[in-house]
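Below is one structure, written out as structure tokens, with a few remarks after it.
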Amino acid sequence: MSLAEHLRSLCALSGPPGYEHAVVGHVRKHLQSLGLDARQDRTGQLSVVIGTGTGEPTLITAHLDEVALVVHRVEEDGFLRIRRVGGVPERLLPGSRFNVLTRHGPIPAVVGSLAHHLTPETEKYVAHPAEDLYLDIGARTRSEALHIGARVGDMACTERCFTELPNGGVVSPALDDRSGVASLCELAERLAAAPPERPVILGFTTQEEFHVRGTLSLVAHHHPAAVVNVDVSPATDTPDLDGTGNVALGAGPVLNRLSFHGRGTLGGLIPHQGLADAVETAATDTGTPLQLETIIGLITDAAFVPMSTAEGVATVGIGIPCRYTHSSVEQIRMDDLIGCTDILESLAHSLDTSTLTW
């Protein structure tokens, strides 16, 4: 299966935090097809060790889940009141399509929107909080909505739509972080065919969009000396973000040199310098252009890894440039994704964690 085919297959699956079962099953089946014995923990996280050498391993991670909505009340008139799960941009919700994931299968739904002809002037440019919005599943009463299968706690994901653009562009929901997962699936194929001399662990984490701590349990189990986290990096090459950064689609993967959430969470990542240097060397060795970024407003699974053990863990983040993050029309370029995978493959073969210096 090609990298593009991996990406299309992964983006076709819904996987909200805590309910990543379809994505987990897809990745596990792929790893098994390569003859790799994947470990699955109690939270659905997958990990597989490749390479038979000795020494402290390197853990390379990507998260399986996506931002979502959750039903928090079924109204008497059959509408479903909602809350956000992760950073869903509320200004984009009205008029969008979702699938409510129930015990009996998905229910098509739309987020209600004021009829344009009846919208007061004072409402035309207002973004309402998610708690003021609702999902419409076509039910007329609460009992009808319950009979259809909706109930409190059901997750809802954006309706799937995968579009290939000219010049290698791809548009889809959940490219954050199915693009990273696709890269690791491709990397698994490459390493299974040519195992590295030192142990490399590929880790697929759950609930990143909810608590950004999935990698911690993988670190506790595998005791890596280094962690390389793969996620998207918000591209700033659109007219509305001109001058706010320097990350562009088609200019190569991104080495994150500082990230900080800055929204009530004291969390972020300043990468281990020796590991960051190794990423730059791998980019040079593979002829892959590499962008550098610092960003405020972003947090990933890498944020709490460095201080998670008594010895500390060398940690770095590699990003895949992505426009319109957390929307239903996220956009990446395949050449950036291929470049990311090339860097990861080079690191897997060249990185000797015993020589990493702070």
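Residues are referred to by chain and number: the chain letter is A, B, ... according to the order shown in the structure tokens, the number counts from 1 in that chain, and ligands are numbered separately from 1 in the order shown.
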
List the spatial neighbours of stretch 325-333 of chain A as a ChimeraX atom specification - criterion: any atom at most 8 Å away, only C-alpha atoms, same-chain residues fewer than 3 positions off excluded.
/A:67,87-89,92,158,168-176,234,249-250,320-322,336-337

Residue contacts of A:Arg257 (10 Å, only C-alpha atoms) excluding same-chain residues fewer than 3 positions away, as a short mmCIF file (atom, residue, chain, number, x, y, z; two decimals) with C-alpha atoms, in the first residue's frame:
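Result went into around-v3.cif, see below:
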```cif
data_model
loop_
_atom_site.label_atom_id
_atom_site.label_comp_id
_atom_site.auth_asym_id
_atom_site.auth_seq_id
_atom_site.Cartn_x
_atom_site.Cartn_y
_atom_site.Cartn_z
CA VAL A 254 9.03 21.18 10.16
CA LEU A 269 8.36 21.55 24.26
CA ILE A 270 11.87 22.90 23.96
CA PRO A 271 13.55 20.07 22.05
CA HIS A 272 16.67 18.26 23.17
CA GLN A 273 19.39 20.02 21.20
CA ALA A 276 17.23 18.36 17.05
CA LEU A 292 12.10 25.69 11.43
CA GLU A 293 9.35 27.05 13.67
CA THR A 294 8.56 28.45 17.07
CA ILE A 295 4.89 28.63 17.94
CA VAL A 316 11.83 16.42 19.60
CA GLY A 317 8.79 17.25 17.47
CA ILE A 318 8.61 16.95 13.69
#
```

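Of the residues listed (A:Thr281, A:Ser354, A:Thr205, A:Ser179), A:Ser354 shows the shortest atom-to-atom separation from A:Pro57; distances use only C-alpha atoms.
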
Enumerate the residues of stretch 87-153 of chain A with a DSSP assignment of strand (DSSP E), computed from the backbone, and present them as a list in words.
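So, restricting stretch 87-153 of chain A to strand (DSSP E), we get Arg97, Phe98, Asn99, Val100, Leu101, Thr102, Gly105, Pro106, Ile107, Pro108, Ala109, Val110, Val111, Tyr134, Leu135 and Asp136 of chain A.
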
I need the residue nearest A:Leu275 from this list: A:Val305, A:Cys161, A:Cys11, A:Ala314. Use only C-alpha atoms for the distance.
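Smallest separation from A:Leu275 among the options: A:Ala314.
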
What are the closest atom pairs, with distances in Å to one decimal, for each residue of stretch 188-219 of chain A lying within 8 Å of stretch 18-41 of chain A, using only C-alpha atoms, rows by chain and rising residue number, as CSV?
```
residue,atom,partner,partner_atom,distance
A:Ala188,CA,A:Leu31,CA,7.3
A:Glu189,CA,A:Leu34,CA,6.8
A:Ala192,CA,A:Leu34,CA,6.7
A:Thr206,CA,A:Gly18,CA,6.8
A:Gln207,CA,A:Gly18,CA,5.8
```

Output file for the residues above (N, CA and C atoms, as an mmCIF file, in the first residue's frame):
```cif
data_model
loop_
_atom_site.group_PDB
_atom_site.id
_atom_site.type_symbol
_atom_site.label_atom_id
_atom_site.label_comp_id
_atom_site.auth_asym_id
_atom_site.auth_seq_id
_atom_site.Cartn_x
_atom_site.Cartn_y
_atom_site.Cartn_z
ATOM 1 N N ALA A 188 6.941 1.736 9.016
ATOM 2 C CA ALA A 188 6.929 0.339 9.445
ATOM 3 C C ALA A 188 7.264 -0.588 8.275
ATOM 4 N N GLU A 189 6.713 -0.297 7.098
ATOM 5 C CA GLU A 189 7.011 -1.112 5.917
ATOM 6 C C GLU A 189 8.503 -1.054 5.577
ATOM 7 N N ALA A 192 10.567 -2.841 8.363
ATOM 8 C CA ALA A 192 10.360 -4.292 8.344
ATOM 9 C C ALA A 192 11.189 -4.928 7.234
ATOM 10 N N THR A 206 -3.425 7.331 21.772
ATOM 11 C CA THR A 206 -4.839 7.682 21.787
ATOM 12 C C THR A 206 -5.067 8.905 22.683
ATOM 13 N N GLN A 207 -6.194 9.566 22.468
ATOM 14 C CA GLN A 207 -6.688 10.672 23.298
ATOM 15 C C GLN A 207 -5.754 11.887 23.356
#
```

Using only C-alpha atoms, which protein or nucleic acid residues come within 12 Å of A:Thr52? Drop anything in the same chain fewer than 2 positions from it, and give the result as a PDB file with C-alpha atoms, in the first residue's frame.
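What ended up in around.pdb:
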```pdb
ATOM      1  CA  VAL A  49       9.574  -2.871  18.367  1.00  0.00           C
ATOM      2  CA  ILE A  50      11.655  -3.155  15.191  1.00  0.00           C
ATOM      3  CA  THR A  54      20.802  -3.724  22.083  1.00  0.00           C
ATOM      4  CA  GLY A  55      20.785  -0.368  23.792  1.00  0.00           C
ATOM      5  CA  GLU A  56      18.163   2.162  24.798  1.00  0.00           C
ATOM      6  CA  PRO A  57      15.525   2.455  22.069  1.00  0.00           C
ATOM      7  CA  LEU A 191      11.940  -0.847   8.564  1.00  0.00           C
ATOM      8  CA  ALA A 192      10.360  -4.292   8.344  1.00  0.00           C
ATOM      9  CA  ALA A 194      15.442  -3.336   6.301  1.00  0.00           C
ATOM     10  CA  PRO A 195      15.541  -3.468  10.141  1.00  0.00           C
ATOM     11  CA  PRO A 196      17.730  -0.916  11.933  1.00  0.00           C
ATOM     12  CA  GLU A 197      20.743  -2.022  13.953  1.00  0.00           C
ATOM     13  CA  ARG A 198      19.400  -0.406  17.107  1.00  0.00           C
ATOM     14  CA  PRO A 199      15.868  -0.901  18.494  1.00  0.00           C
ATOM     15  CA  VAL A 200      13.218   1.501  17.230  1.00  0.00           C
ATOM     16  CA  ILE A 201       9.676   1.552  18.607  1.00  0.00           C
TER      17      ILE A 201
END
```

With only C-alpha atoms as the atoms that count, which of A:Thr244, A:Asn99, A:Ser350, A:Ser47 lies nearest to A:Gly15?
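With only C-alpha atoms as the atom set, the closest residue is A:Asn99.
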
If we count only C-alpha atoms, what is near A:Leu187 at a cut-off of 8 Å, once residues fewer than 2 positions away on the same chain are taken out, given as a PyMOL selection string?
chain A and resi 183-185+189-191+341+344-345

I'd like the contact shell of A:Thr284 - 12 Å cut-off, only C-alpha atoms, skipping same-chain residues fewer than 4 positions apart - returned as a PyMOL selection string.
chain A and resi 252+277-280+288-290+339+342-343+346-347

As an exercise, work out the distance from atom CA of A:Val313 to atom CA of A:His221 in Å and give it to one decimal place.
13.4 Å

When you count only C-alpha atoms, which of these residues is closest to A:Gly267: A:Leu298, A:Ala193, A:Ile137, A:Ala283?
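Using only C-alpha atoms, the shortest distance to A:Gly267 belongs to A:Leu298.
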
Minimum-distance residue to A:Ala282, chosen among A:Leu266, A:Ala182, A:Leu255, A:Phe304 (using only C-alpha atoms)
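Counting only C-alpha atoms, the residue closest to A:Ala282 is A:Leu255.
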